[in-house]
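Visitor: Have a look at this one.
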Amino acid sequence: MMARRGFLAGLAALAGGLIFARPGYTAAVDAPAKPDSVKPIKLSADEWKERLTSKQYRILREEGTERAGTSELNAEKRDGDYLCAGCGLVLFDSKWKYDSRTGWPSFYDVYSDHIGTKVDKKLFYERTEYHCARCGGHQGHVFDDGPDPTGLRYCNNGLALEFRPRSG
């Protein structure tokens, strides 16, 4: 009887996750740490579809995830900045990038006032999801298994980023 209850509870959690993970569902994103430092932009779905590729739209606007190991940014080693692919806001410095062996570009720090976070309950456990503070574009999830000095791992979708090398 207990095994059946556990199974049914798991099915209910899965159904809830599927309902709230449907394309187009976007929960509210917390305000950035310094609300006046980043001026938000709002575009219609059609304007975003004109600006982004279909894969970028799915990730940034519908909170999708790209397959692990598919981003060219995994191998990027140059000095530069990582920007939100939706609006160009700088999110990461290349000095914060490291190989997390997860298959996604990972960073141990972020320009904190350039992101907002929310709780993601789409799977069977809670995760912290982060978004661009300017356009609200979904970037990825942050975990507490990263390297020093922060101990954090910002696990980012490569399609949600653009790399801008530093000249010089």
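For the structure tokens, the naming scheme is as follows: chains receive sequential letters (A, B, ...) according to their order of presentation, residues are indexed from 1 within each chain, and ligands are indexed from 1 in presentation order.
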If DSSP is run on the backbone, what residues of region 36-130 of chain A are helix (DSSP H, G or I)? A reply as a ChimeraX atom specification would be ideal.

Guide: /A:45-51,54-60,72-75,94-96,112-114

Visitor: Please extract the residues of region 41-159 of chain A with a backbone DSSP assignment of strand (DSSP E or B) and present them as a PyMOL selection string.

Guide: chain A and resi 80-84+90-93+97-98+106-107+115-120+127-132+138-143+153-156

Visitor: Please report the interatomic distance between CA of Lys97 (chain A) and CA of Ala68 (chain A) in Å with one decimal.

Guide: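 That distance, rounded to one decimal, is 16.4 Å.
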
Visitor: Work out how far apart CA of Gly140 (chain A) and CA of Cys155 (chain A) are and give it in Å to one decimal.

Guide: 5.6 Å

Visitor: Please indicate the distance in Å from CA of Asp99 (chain A) to CA of Cys135 (chain A), rounded to one decimal place.

Guide: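 Spanning CA of Asp99 (chain A) to CA of Cys135 (chain A) is a straight-line distance of 27.0 Å.
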
Visitor: Of the residues A:Cys84, A:Ser44, A:Ser167, A:Trp104, which is the one nearest to Gln56 (chain A), using only C-alpha atoms?

Guide: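 Of the candidates, the smallest distance to Gln56 (chain A) is held by A:Cys84.
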
Visitor: List the spatial neighbours of Arg134 (chain A) as a list in words - criterion: any atom at most 10 Å away, only C-alpha atoms, same-chain residues fewer than 6 positions off excluded.

Guide: Ala31, Pro32, Pro35, Ser37, Val38, Lys39, Pro40, Ile41, Lys42, Cys84, Gly86, Cys87, Gly88, Leu89, Asp113, His114, Ile115 and Gly116 of chain A

Visitor: Using only C-alpha atoms, which residue out of A:Arg58, A:Arg153, A:Arg164, A:Lys49 lies closest to Leu83 (chain A)?

Guide: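 The answer is A:Arg164, which sits nearest to Leu83 (chain A).
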
Visitor: Which residue gives the smallest distance to Ser106 (chain A) among A:His141, A:Arg127, A:Arg61, A:Lys118, with only C-alpha atoms counted?

Guide: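 Using only C-alpha atoms, the shortest distance to Ser106 (chain A) belongs to A:His141.
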
Visitor: Nearest residue to Arg166 (chain A) out of A:Thr102, A:Lys121, A:Gly136, A:Asp81, using only C-alpha atoms?

Guide: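 Looking only at the distances to Arg166 (chain A), the closest residue turns out to be A:Asp81.
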